[in-house]
$ cat entry.cif   # mmCIF, C-alpha atoms
data_my_file
loop_
_atom_site.label_atom_id
_atom_site.label_comp_id
_atom_site.auth_asym_id
_atom_site.auth_seq_id
_atom_site.Cartn_x
_atom_site.Cartn_y
_atom_site.Cartn_z
CA MET A 1 8.37 -28.87 -0.01
CA SER A 2 8.74 -25.16 0.49
CA GLY A 3 9.88 -21.97 -1.16
CA ALA A 4 9.32 -20.65 -4.64
CA ASP A 5 8.83 -24.09 -6.23
CA ASP A 6 6.02 -24.73 -3.80
CA ASP A 7 4.55 -21.30 -4.52
CA ALA A 8 4.69 -21.91 -8.26
CA LEU A 9 3.04 -25.34 -8.02
CA ARG A 10 0.31 -24.19 -5.69
CA ILE A 11 -0.49 -21.09 -7.75
CA GLU A 12 -0.68 -23.23 -10.88
CA ALA A 13 -3.07 -25.59 -9.09
CA LEU A 14 -5.25 -22.73 -7.85
CA GLU A 15 -5.26 -21.10 -11.27
CA SER A 16 -6.25 -24.28 -13.08
CA LEU A 17 -9.05 -24.94 -10.58
CA LEU A 18 -10.41 -21.40 -10.90
CA VAL A 19 -10.27 -21.62 -14.69
CA GLU A 20 -12.02 -24.98 -14.76
CA LYS A 21 -14.70 -23.72 -12.39
CA GLY A 22 -15.33 -20.90 -14.85
CA LEU A 23 -14.39 -18.09 -12.48
CA VAL A 24 -11.38 -16.70 -14.31
CA ALA A 25 -9.97 -16.92 -17.81
CA ARG A 26 -6.28 -17.43 -18.51
CA GLU A 27 -6.43 -14.51 -20.93
CA ALA A 28 -7.63 -12.23 -18.13
CA ILE A 29 -4.69 -13.28 -15.95
CA ASP A 30 -2.27 -12.68 -18.82
CA ALA A 31 -3.82 -9.25 -19.42
CA VAL A 32 -3.36 -8.18 -15.79
CA ILE A 33 0.28 -9.25 -15.84
CA ARG A 34 0.90 -7.52 -19.15
CA HIS A 35 -0.72 -4.32 -17.87
CA TYR A 36 1.55 -4.10 -14.83
CA GLU A 37 4.68 -5.23 -16.65
CA GLN A 38 4.26 -3.02 -19.70
CA ASP A 39 1.70 -0.25 -19.32
CA VAL A 40 2.01 0.97 -15.76
CA GLY A 41 5.14 2.29 -14.14
CA PRO A 42 6.88 5.33 -12.68
CA LEU A 43 6.99 7.03 -16.08
CA ASN A 44 3.29 7.78 -15.55
CA GLY A 45 4.05 9.60 -12.33
CA ALA A 46 7.03 11.33 -13.93
CA LYS A 47 4.71 12.79 -16.55
CA VAL A 48 2.40 14.05 -13.82
CA VAL A 49 5.32 15.71 -12.04
CA ALA A 50 6.69 17.24 -15.23
CA ARG A 51 3.26 18.66 -16.04
CA ALA A 52 3.02 20.15 -12.55
CA TRP A 53 6.46 21.73 -12.94
CA THR A 54 5.54 23.41 -16.20
CA ASP A 55 1.88 24.26 -15.74
CA PRO A 56 1.03 26.20 -12.55
CA ALA A 57 -2.70 25.67 -13.01
CA TYR A 58 -2.18 21.92 -13.30
CA ARG A 59 0.05 21.98 -10.22
CA ALA A 60 -2.74 23.71 -8.28
CA ARG A 61 -5.28 21.13 -9.46
CA LEU A 62 -2.91 18.28 -8.58
CA LEU A 63 -2.45 19.55 -5.04
CA ALA A 64 -6.18 20.19 -4.64
CA ASP A 65 -7.40 16.84 -6.03
CA GLY A 66 -4.70 14.37 -7.00
CA THR A 67 -7.13 11.75 -8.26
CA ALA A 68 -8.79 14.13 -10.71
CA ALA A 69 -5.46 15.57 -11.83
CA ILE A 70 -3.89 12.22 -12.69
CA ALA A 71 -7.10 11.27 -14.48
CA GLU A 72 -6.53 14.27 -16.76
CA LEU A 73 -3.43 12.43 -18.03
CA GLY A 74 -5.37 9.19 -18.34
CA TYR A 75 -4.23 7.52 -15.12
CA GLY A 76 -6.47 5.72 -12.66
CA GLY A 77 -7.52 2.27 -11.54
CA PRO A 78 -6.83 0.00 -8.58
CA GLN A 79 -4.88 1.70 -5.80
CA GLY A 80 -5.30 5.00 -7.60
CA GLU A 81 -8.86 5.75 -6.51
CA HIS A 82 -7.81 8.33 -3.89
CA VAL A 83 -4.50 9.99 -4.70
CA VAL A 84 -2.94 12.85 -2.75
CA ALA A 85 0.21 14.64 -3.94
CA VAL A 86 2.43 16.17 -1.26
CA GLU A 87 4.81 18.90 -2.38
CA ASN A 88 8.40 19.26 -1.29
CA GLY A 89 9.89 22.67 -0.65
CA PRO A 90 13.24 24.15 0.34
CA ARG A 91 12.61 23.35 4.01
CA LEU A 92 10.16 20.46 3.77
CA HIS A 93 10.72 16.95 2.52
CA HIS A 94 7.99 14.30 2.30
CA VAL A 95 8.49 10.55 2.32
CA VAL A 96 5.82 7.84 1.99
CA VAL A 97 5.50 4.43 3.60
CA CYS A 98 2.90 1.84 4.45
CA THR A 99 3.94 0.30 7.75
CA LEU A 100 1.01 -2.14 7.90
CA CYS A 101 1.30 -3.64 4.41
CA SER A 102 2.61 -2.12 1.19
CA CYS A 103 0.03 0.42 -0.01
CA TYR A 104 1.29 2.31 -3.03
CA PRO A 105 -0.25 4.36 -5.88
CA TRP A 106 -0.05 1.71 -8.60
CA PRO A 107 -1.45 3.70 -11.56
CA ILE A 108 1.26 6.35 -11.38
CA LEU A 109 4.22 4.50 -9.86
CA GLY A 110 3.60 0.91 -10.95
CA LEU A 111 3.97 -1.91 -8.46
CA PRO A 112 6.23 -1.15 -5.50
CA PRO A 113 9.87 -2.20 -5.39
CA GLY A 114 10.89 -4.99 -3.06
CA TRP A 115 12.50 -2.75 -0.46
CA TYR A 116 9.26 -0.78 -0.04
CA LYS A 117 7.48 -4.00 0.95
CA GLU A 118 10.19 -5.39 3.20
CA PRO A 119 10.41 -4.99 6.99
CA ALA A 120 13.54 -2.82 7.12
CA TYR A 121 11.98 0.17 5.37
CA ARG A 122 8.52 -0.26 6.89
CA SER A 123 9.84 -0.51 10.44
CA ARG A 124 12.55 2.12 10.39
CA ILE A 125 11.28 5.00 8.25
CA VAL A 126 8.73 5.90 10.94
CA ARG A 127 11.33 5.79 13.70
CA GLU A 128 14.50 7.24 12.25
CA PRO A 129 13.65 8.66 8.83
CA ARG A 130 16.59 11.06 8.76
CA ARG A 131 19.04 8.23 9.26
CA VAL A 132 17.29 5.88 6.84
CA LEU A 133 17.19 8.53 4.11
CA ALA A 134 20.89 9.29 4.68
CA GLU A 135 21.68 5.58 4.41
CA MET A 136 19.74 5.50 1.16
CA GLY A 137 21.83 8.37 -0.18
CA LEU A 138 19.64 11.33 0.72
CA ALA A 139 21.33 13.31 3.50
CA LEU A 140 19.04 16.23 4.31
CA PRO A 141 20.28 19.28 6.23
CA PRO A 142 18.86 19.67 9.75
CA GLU A 143 16.78 22.72 8.80
CA VAL A 144 14.72 20.60 6.39
CA GLU A 145 11.70 19.11 8.13
CA ILE A 146 11.06 15.52 7.20
CA ARG A 147 7.40 14.58 7.07
CA VAL A 148 6.61 10.88 6.89
CA TRP A 149 3.22 9.79 5.54
CA ASP A 150 2.02 6.39 6.68
CA SER A 151 -0.59 5.18 4.16
CA SER A 152 -2.67 3.47 6.81
CA ALA A 153 -6.07 4.05 5.14
CA GLU A 154 -7.06 4.05 1.45
CA ILE A 155 -5.46 7.36 0.49
CA ARG A 156 -2.38 6.88 -1.66
CA TYR A 157 0.34 9.50 -1.41
CA PHE A 158 3.07 10.46 -3.78
CA VAL A 159 5.68 13.17 -3.58
CA LEU A 160 5.85 16.15 -5.91
CA PRO A 161 9.58 16.87 -5.74
CA GLU A 162 11.26 20.21 -6.28
CA ARG A 163 12.18 21.00 -9.85
CA PRO A 164 15.96 20.69 -10.32
CA ALA A 165 17.96 23.83 -10.99
CA GLY A 166 19.09 24.52 -14.53
CA THR A 167 15.99 23.14 -16.21
CA GLU A 168 14.37 26.43 -17.23
CA GLY A 169 12.56 26.19 -20.53
CA TRP A 170 12.79 22.41 -20.74
CA SER A 171 10.09 20.32 -22.37
CA GLU A 172 7.84 18.15 -20.21
CA GLU A 173 9.33 15.06 -21.79
CA ARG A 174 12.88 16.07 -20.90
CA LEU A 175 11.84 17.05 -17.38
CA ALA A 176 10.10 13.71 -16.91
CA SER A 177 13.38 11.93 -17.58
CA LEU A 178 14.72 13.44 -14.32
CA VAL A 179 11.86 12.13 -12.18
CA THR A 180 12.56 8.75 -10.66
CA ARG A 181 10.33 6.37 -8.78
CA ASP A 182 12.40 6.93 -5.65
CA ALA A 183 11.94 10.70 -5.92
CA MET A 184 8.17 10.23 -5.94
CA ILE A 185 8.32 7.95 -2.88
CA GLY A 186 10.55 10.54 -1.25
CA VAL A 187 13.73 8.54 -0.69
CA ALA A 188 15.67 10.47 -3.35
CA LYS A 189 15.69 13.76 -5.19
CA PRO A 190 15.12 13.99 -8.93
CA LYS A 191 18.19 13.54 -11.07
CA PRO A 192 20.18 16.71 -11.68
CA ALA A 193 19.82 18.47 -15.01
CA ALA A 194 23.11 17.07 -16.30
CA GLU A 195 21.68 13.53 -16.20
CA ALA A 196 18.66 14.21 -18.38
CA SER A 197 18.04 12.11 -21.42
CA ARG A 198 17.75 14.05 -24.66
CA GLY A 199 14.20 14.92 -25.47
CA MET B 1 4.68 -26.88 5.56
CA GLU B 2 4.26 -23.91 7.82
CA ARG B 3 1.49 -23.56 10.31
CA LEU B 4 -1.42 -21.61 8.94
CA ALA B 5 -2.85 -19.61 11.78
CA ALA B 6 -6.01 -19.11 9.75
CA THR B 7 -7.03 -22.69 10.28
CA ARG B 8 -7.02 -22.20 14.02
CA CYS B 9 -8.84 -18.94 14.47
CA GLY B 10 -11.08 -16.93 12.24
CA VAL B 11 -10.33 -13.71 14.05
CA CYS B 12 -6.87 -13.42 15.53
CA ALA B 13 -5.31 -10.72 17.64
CA MET B 14 -4.34 -7.61 15.74
CA ASP B 15 -0.99 -7.20 17.43
CA GLY B 16 0.74 -9.06 14.66
CA ILE B 17 4.13 -8.97 13.01
CA HIS B 18 2.69 -7.09 10.02
CA ASP B 19 2.43 -3.99 12.24
CA LEU B 20 6.08 -3.17 11.66
CA GLY B 21 6.33 0.56 12.38
CA GLY B 22 9.08 1.20 14.91
CA LEU B 23 10.32 -2.38 15.32
CA GLU B 24 14.08 -2.70 15.39
CA GLY B 25 16.56 -5.22 14.13
CA PHE B 26 15.76 -5.44 10.41
CA GLY B 27 18.97 -3.76 9.29
CA ALA B 28 19.60 -1.69 6.21
CA VAL B 29 17.16 -1.04 3.41
CA VAL B 30 18.47 -3.05 0.46
CA ARG B 31 17.65 -1.78 -3.01
CA GLU B 32 17.85 -4.12 -5.99
CA ARG B 33 19.22 -2.62 -9.19
CA ASP B 34 17.06 -2.95 -12.29
CA GLU B 35 14.45 -4.84 -10.34
CA PRO B 36 11.87 -6.65 -12.52
CA VAL B 37 8.17 -6.17 -11.83
CA PHE B 38 7.91 -9.87 -11.02
CA HIS B 39 10.88 -12.07 -10.13
CA ALA B 40 9.25 -15.27 -11.37
CA PRO B 41 6.22 -16.04 -13.50
CA TRP B 42 4.25 -17.40 -10.54
CA GLU B 43 4.48 -14.01 -8.80
CA GLY B 44 2.67 -12.39 -11.70
CA ARG B 45 0.05 -15.17 -11.71
CA ALA B 46 -0.47 -14.76 -7.96
CA PHE B 47 -0.77 -10.99 -8.28
CA ALA B 48 -3.28 -11.28 -11.13
CA LEU B 49 -5.33 -13.99 -9.43
CA VAL B 50 -5.65 -11.96 -6.24
CA ASN B 51 -6.76 -8.89 -8.16
CA LEU B 52 -9.26 -10.88 -10.20
CA ALA B 53 -10.54 -12.54 -7.02
CA LEU B 54 -11.12 -9.11 -5.47
CA ALA B 55 -12.96 -7.93 -8.59
CA LEU B 56 -15.09 -11.07 -8.55
CA GLY B 57 -16.04 -10.47 -4.94
CA VAL B 58 -14.32 -13.54 -3.49
CA ALA B 59 -13.25 -11.21 -0.69
CA ASN B 60 -12.78 -7.51 -0.13
CA ILE B 61 -9.41 -5.88 0.25
CA ASP B 62 -9.71 -5.66 4.02
CA ALA B 63 -10.38 -9.37 4.31
CA LEU B 64 -7.40 -9.96 2.02
CA ARG B 65 -5.15 -7.91 4.27
CA HIS B 66 -6.47 -9.72 7.30
CA ALA B 67 -5.78 -13.08 5.65
CA ILE B 68 -2.16 -11.95 5.21
CA GLU B 69 -2.01 -10.78 8.82
CA ARG B 70 -3.24 -14.17 10.03
CA LEU B 71 -0.09 -15.86 8.74
CA ASP B 72 2.13 -16.95 11.58
CA PRO B 73 4.93 -14.44 12.20
CA VAL B 74 7.78 -16.59 10.90
CA THR B 75 5.94 -17.27 7.65
CA TYR B 76 5.01 -13.62 7.32
CA LEU B 77 8.66 -12.61 7.49
CA THR B 78 10.07 -15.35 5.29
CA ALA B 79 7.44 -16.03 2.60
CA GLY B 80 8.10 -12.88 0.59
CA TYR B 81 5.45 -10.47 -0.61
CA TYR B 82 3.87 -12.69 -3.24
CA GLY B 83 4.34 -15.73 -1.03
CA ARG B 84 2.09 -13.96 1.47
CA TRP B 85 -0.39 -13.17 -1.29
CA ARG B 86 -0.42 -16.78 -2.46
CA ARG B 87 -1.13 -18.04 1.05
CA ALA B 88 -3.84 -15.42 1.64
CA LEU B 89 -5.52 -16.39 -1.63
CA GLU B 90 -5.54 -20.02 -0.56
CA THR B 91 -7.03 -19.02 2.78
CA LEU B 92 -9.80 -16.94 1.23
CA LEU B 93 -10.66 -19.45 -1.49
CA GLY B 94 -10.75 -22.15 1.17
CA GLU B 95 -12.88 -20.22 3.63
CA THR B 96 -15.38 -19.20 0.97
CA GLY B 97 -15.61 -22.79 -0.25
CA ILE B 98 -14.63 -21.82 -3.77
CA VAL B 99 -11.53 -23.99 -3.58
CA PRO B 100 -11.71 -26.04 -0.38
CA ALA B 101 -8.32 -26.97 1.06
CA ALA B 102 -9.05 -30.65 0.40
CA GLU B 103 -9.73 -30.00 -3.28
CA LEU B 104 -6.47 -28.12 -3.64
CA ALA B 105 -4.60 -30.94 -1.92
CA VAL B 106 -6.08 -33.49 -4.33
CA ARG B 107 -5.19 -31.35 -7.34
CA LEU B 108 -1.62 -31.00 -6.12
CA ARG B 109 -1.30 -34.79 -5.91
CA ASP B 110 -3.11 -35.45 -9.16
CA PRO B 111 -3.19 -32.70 -11.79
CA ALA B 112 -5.85 -34.66 -13.70
CA ALA B 113 -8.26 -34.72 -10.76
CA PRO B 114 -11.53 -33.05 -11.82
CA ALA B 115 -12.53 -29.69 -10.37
CA ALA B 116 -15.70 -29.66 -8.28
CA ALA B 117 -18.51 -27.51 -9.57
CA LEU B 118 -19.17 -24.29 -7.66
CA THR B 119 -22.09 -24.44 -5.29
CA SER B 120 -22.42 -20.68 -5.35
CA ARG B 121 -20.71 -17.89 -7.19
CA PRO B 122 -19.17 -14.85 -5.50
CA VAL B 123 -21.00 -11.57 -5.88
CA PRO B 124 -18.96 -8.68 -7.28
CA PRO B 125 -18.82 -5.58 -5.05
CA ALA B 126 -21.58 -3.06 -5.64
CA GLU B 127 -19.21 -0.13 -5.23
CA LEU B 128 -15.53 0.18 -6.07
CA GLY B 129 -13.06 2.04 -3.92
CA ALA B 130 -13.42 2.85 -0.24
CA ARG B 131 -14.91 6.34 -0.29
CA ARG B 132 -18.59 6.90 0.34
CA PRO B 133 -20.76 10.01 0.65
CA LEU B 134 -20.41 11.73 3.99
CA ALA B 135 -23.66 11.39 5.95
CA ARG B 136 -22.78 13.74 8.81
CA ALA B 137 -20.20 16.33 9.73
CA PRO B 138 -16.77 15.05 10.77
CA ARG B 139 -16.27 15.09 14.51
CA PHE B 140 -12.86 16.74 14.26
CA SER B 141 -11.48 19.69 12.30
CA PRO B 142 -7.98 20.65 11.18
CA GLY B 143 -5.98 21.86 14.16
CA ASP B 144 -7.91 19.81 16.73
CA ARG B 145 -5.78 17.92 19.23
CA VAL B 146 -6.66 14.25 19.20
CA ARG B 147 -5.39 11.07 20.79
CA ALA B 148 -5.27 7.71 19.06
CA ARG B 149 -7.21 5.44 21.38
CA ASP B 150 -5.32 2.63 23.04
CA LEU B 151 -7.36 0.01 21.23
CA HIS B 152 -6.48 -3.66 21.29
CA THR B 153 -9.15 -4.82 18.90
CA ARG B 154 -9.08 -8.49 18.04
CA GLY B 155 -9.10 -8.88 14.30
CA HIS B 156 -8.17 -6.50 11.52
CA THR B 157 -7.46 -2.85 12.14
CA ARG B 158 -5.52 -0.03 10.51
CA LEU B 159 -4.46 1.69 13.70
CA PRO B 160 -0.69 1.16 13.85
CA ARG B 161 0.65 0.13 17.24
CA TYR B 162 3.22 2.93 17.32
CA ALA B 163 0.44 5.56 17.25
CA ARG B 164 -1.85 4.03 19.86
CA GLY B 165 -2.30 6.15 22.94
CA ARG B 166 -0.32 9.02 21.39
CA SER B 167 -1.58 12.54 20.85
CA GLY B 168 -1.32 14.62 17.73
CA VAL B 169 -3.08 17.27 15.70
CA VAL B 170 -5.54 16.82 12.85
CA ALA B 171 -3.70 17.95 9.72
CA LEU B 172 -6.18 16.93 7.02
CA VAL B 173 -9.79 15.82 6.95
CA HIS B 174 -9.96 13.56 3.92
CA PRO B 175 -13.12 14.36 1.96
CA GLY B 176 -15.97 11.89 2.25
CA ALA B 177 -16.56 8.88 4.46
CA TRP B 178 -14.41 5.78 4.28
CA VAL B 179 -15.18 2.10 4.70
CA LEU B 180 -13.94 1.01 8.13
CA PRO B 181 -11.55 -1.94 7.66
CA ASP B 182 -12.17 -3.20 11.20
CA ALA B 183 -15.81 -3.91 10.27
CA HIS B 184 -15.47 -4.63 6.55
CA ALA B 185 -12.78 -7.31 6.92
CA HIS B 186 -15.12 -9.33 9.10
CA GLY B 187 -18.38 -9.01 7.19
CA ARG B 188 -19.80 -6.43 9.57
CA GLY B 189 -20.76 -3.88 6.94
CA GLU B 190 -18.98 -0.71 5.89
CA ALA B 191 -19.39 1.62 8.91
CA ALA B 192 -18.14 4.42 6.64
CA GLN B 193 -16.74 7.37 8.55
CA PRO B 194 -14.28 10.25 8.26
CA VAL B 195 -10.56 9.62 7.98
CA TYR B 196 -8.02 12.15 9.19
CA ALA B 197 -4.32 12.61 8.54
CA VAL B 198 -3.10 13.12 12.09
CA ARG B 199 0.25 14.77 12.64
CA PHE B 200 2.38 13.35 15.43
CA GLU B 201 5.55 15.06 16.54
CA ALA B 202 8.49 12.71 16.70
CA ARG B 203 8.94 13.12 20.46
CA ALA B 204 5.32 12.13 21.06
CA LEU B 205 6.07 8.78 19.44
CA TRP B 206 9.69 8.09 20.24
CA GLY B 207 10.50 10.19 23.30
CA ASP B 208 14.09 11.18 23.86
CA GLU B 209 15.22 8.89 21.06
CA ALA B 210 13.31 10.91 18.47
CA GLU B 211 15.15 12.56 15.61
CA ALA B 212 14.97 16.34 15.40
CA GLY B 213 12.94 18.06 12.71
CA VAL B 214 10.72 15.11 11.95
CA ALA B 215 6.94 14.68 11.99
CA PHE B 216 4.65 11.82 11.09
CA HIS B 217 1.29 11.85 9.39
CA VAL B 218 -0.86 8.79 9.93
CA ASP B 219 -4.29 8.30 8.32
CA LEU B 220 -6.69 7.35 11.10
CA PHE B 221 -10.38 6.51 11.11
CA GLU B 222 -12.64 8.57 13.33
CA ASP B 223 -13.42 5.58 15.58
CA TYR B 224 -9.71 5.37 16.41
CA LEU B 225 -9.63 8.91 17.81
CA GLU B 226 -10.74 10.78 20.89
CA PRO B 227 -10.32 14.44 21.85
CA ALA B 228 -7.06 15.25 23.61
CA ALA B 229 -6.51 18.08 26.04
#

$ encode --input "entry.cif" --output "structure tokens"
Amino acid sequence: MSGADDDALRIEALESLLVEKGLVAREAIDAVIRHYEQDVGPLNGAKVVARAWTDPAYRARLLADGTAAIAELGYGGPQGEHVVAVENGPRLHHVVVCTLCSCYPWPILGLPPGWYKEPAYRSRIVREPRRVLAEMGLALPPEVEIRVWDSSAEIRYFVLPERPAGTEGWSEERLASLVTRDAMIGVAKPKPAAEASRG
Amino acid sequence: MERLAATRCGVCAMDGIHDLGGLEGFGAVVRERDEPVFHAPWEGRAFALVNLALALGVANIDALRHAIERLDPVTYLTAGYYGRWRRALETLLGETGIVPAAELAVRLRDPAAPAAALTSRPVPPAELGARRPLARAPRFSPGDRVRARDLHTRGHTRLPRYARGRSGVVALVHPGAWVLPDAHAHGRGEAAQPVYAVRFEARALWGDEAEAGVAFHVDLFEDYLEPAA
């Protein structure tokens, strides 16, 4: 037996044993799943970015101490203990990877997408980032330096993208609707103003 | 079922398949549209169980990573992310005696088989996170030229192969001292020490094949570094 059926059976067996031994409660397992399916996701990070775009003092705090700044918006927890925001500029583009496993700032981005955890991205983004980003739809001009951050310790990075043109005077909520998960990993730019949701 | 390297050696070589940076042949990055958080219910159960096990002190996160790295390379590449987690959880629960492999095998054959009582309970970690107070000044400062040592430690490490032996410049000194995974994964204490974001120019890593206008920042523990000329 192999594959997902095997995984499902073996996890069920482990879970039932741990419950019967009194180590974990089914309700606690359900609560963890619910938290990551419903409460945590890239919208948290989008709110952080939108706040940084509209509040220069918050932006400065975010760049000085990412962990404290996301805590101001109520975000923290596992894989968010040590957060560093890296800011894009007209001639600098950041992109984040974990070549050794799949480290990722869960509290602000949710759990990572499959491609972030798979070998293609982890192997290639540290060798040919310009080509990989172009393949993923982000062709950067040669004068833009690409800076790749390999999360090889316990610091979790996320990208503060550039604010899109044509968004002057927008509310934080409307700005947040432009900020995608991929933009905060650094494999995309935020959506252009024309694609904003009403808010 | 697949070979489980963990049953053969407690501490295996670090030069494993998990250390993927710079390997070739994996093709294009494939993005799934409207990807769910979990693709099947068992993935969510596995994720939650691993997190609860860490909180209970069954193992620390470095030992968890090492348990994943001890999978044989074919399994590592084919089991999927939560498949790796599921296997690592089995390894850790087995090695700690909380769920011995034999007990799991019996339960899989007979769901009504009784669970054995625990002989000892895990002890939750005293401190959360990996940052500790800094006891001494960091050895290096921003702007210092450093070389990643050409270490071939057996066991867990967070020094990626592609950086070993290469020289760069300290870009950031992360505040505080950080639990050293090489020690912590193997029950050898915390050995907390400074961590630096070291900037490597693309040519220093990839020679003539390097892309232009590209730099790499890798977070490296002080023990991994030595001064470079």

$ resolve_selection --input "entry.cif" --expression "the PyMOL selection byres ((chain B and resi 161) around 8)" --output "ChimeraX atom specification"
/B:15,19,21,159-160,162-164

$ resolve_selection --input "entry.cif" --expression "the PyMOL selection byres ((chain A and resi 20) around 12)" --output "PDB file with C-alpha atoms, keeping the file's coordinate frame"
ATOM      1  CA  ALA A  13      -3.070 -25.590  -9.090  1.00  0.00           C
ATOM      2  CA  LEU A  14      -5.250 -22.730  -7.850  1.00  0.00           C
ATOM      3  CA  GLU A  15      -5.260 -21.100 -11.270  1.00  0.00           C
ATOM      4  CA  SER A  16      -6.250 -24.280 -13.080  1.00  0.00           C
ATOM      5  CA  LEU A  17      -9.050 -24.940 -10.580  1.00  0.00           C
ATOM      6  CA  LEU A  18     -10.410 -21.400 -10.900  1.00  0.00           C
ATOM      7  CA  VAL A  19     -10.270 -21.620 -14.690  1.00  0.00           C
ATOM      8  CA  LYS A  21     -14.700 -23.720 -12.390  1.00  0.00           C
ATOM      9  CA  GLY A  22     -15.330 -20.900 -14.850  1.00  0.00           C
ATOM     10  CA  LEU A  23     -14.390 -18.090 -12.480  1.00  0.00           C
ATOM     11  CA  VAL A  24     -11.380 -16.700 -14.310  1.00  0.00           C
ATOM     12  CA  ALA A  25      -9.970 -16.920 -17.810  1.00  0.00           C
ATOM     13  CA  ARG A  26      -6.280 -17.430 -18.510  1.00  0.00           C
TER      14      ARG A  26
ATOM     15  CA  ILE B  98     -14.630 -21.820  -3.770  1.00  0.00           C
ATOM     16  CA  VAL B  99     -11.530 -23.990  -3.580  1.00  0.00           C
ATOM     17  CA  ARG B 107      -5.190 -31.350  -7.340  1.00  0.00           C
ATOM     18  CA  ALA B 112      -5.850 -34.660 -13.700  1.00  0.00           C
ATOM     19  CA  ALA B 113      -8.260 -34.720 -10.760  1.00  0.00           C
ATOM     20  CA  PRO B 114     -11.530 -33.050 -11.820  1.00  0.00           C
ATOM     21  CA  ALA B 115     -12.530 -29.690 -10.370  1.00  0.00           C
ATOM     22  CA  ALA B 116     -15.700 -29.660  -8.280  1.00  0.00           C
ATOM     23  CA  ALA B 117     -18.510 -27.510  -9.570  1.00  0.00           C
ATOM     24  CA  LEU B 118     -19.170 -24.290  -7.660  1.00  0.00           C
TER      25      LEU B 118
END

$ interface_residues --input "entry.cif" --of "chain A" --to "chain B" --cutoff "6 Å" --atoms "only C-alpha atoms" --output "PyMOL selection string"
chain A and resi 8+17+29+32-33+99-100+115+120-124+127+145-150+152-153

$ residues_around --input "entry.cif" --residues "B:Pro227" --least-positions-apart "2" --cutoff "7 Å" --atoms "only C-alpha atoms" --output "count of residues only"
5

$ axis_aligned_box --input "entry.cif" --around "stretch 53-65 of chain A" --padding-each-side "6 Å" --output "lines of an AutoDock Vina configuration file"
center_x = -0.5
center_y = 21.5
center_z = -10.4
size_x = 25.9
size_y = 21.4
size_z = 23.6

$ residues_near_point --input "entry.cif" --point "(0.5, 19.5, -17.1)" --cutoff "12 Å" --atoms "only C-alpha atoms" --output "list in words"
Gly45, Ala46, Lys47, Val48, Val49, Ala50, Arg51, Ala52, Trp53, Thr54, Asp55, Pro56, Ala57, Tyr58, Arg59, Ala60, Arg61, Leu62, Ala69, Ile70, Ala71, Glu72, Leu73, Gly74, Ser171, Glu172, Glu173, Leu175 and Ala176 of chain A

$ atom_distance --input "entry.cif" --atom1 "atom CA of B:Leu71" --atom2 "atom CA of B:Asp150"
24.0 Å

$ resolve_selection --input "entry.cif" --expression "the PyMOL selection byres ((chain A and resi 130) around 8)" --output "list in words"
Glu128, Pro129, Arg131, Val132, Leu133, Ala134, Ala139, Leu140 and Ile146 of chain A; Glu211 and Val214 of chain B

$ closest_residue --input "entry.cif" --among "B:His156, B:Arg203, B:Arg136, B:His39" --to "B:Ala183" --atoms "all atoms listed in the file"
B:His156

$ atom_distance --input "entry.cif" --atom1 "atom CA of B:Pro138" --atom2 "atom CA of B:Val169"
14.7 Å
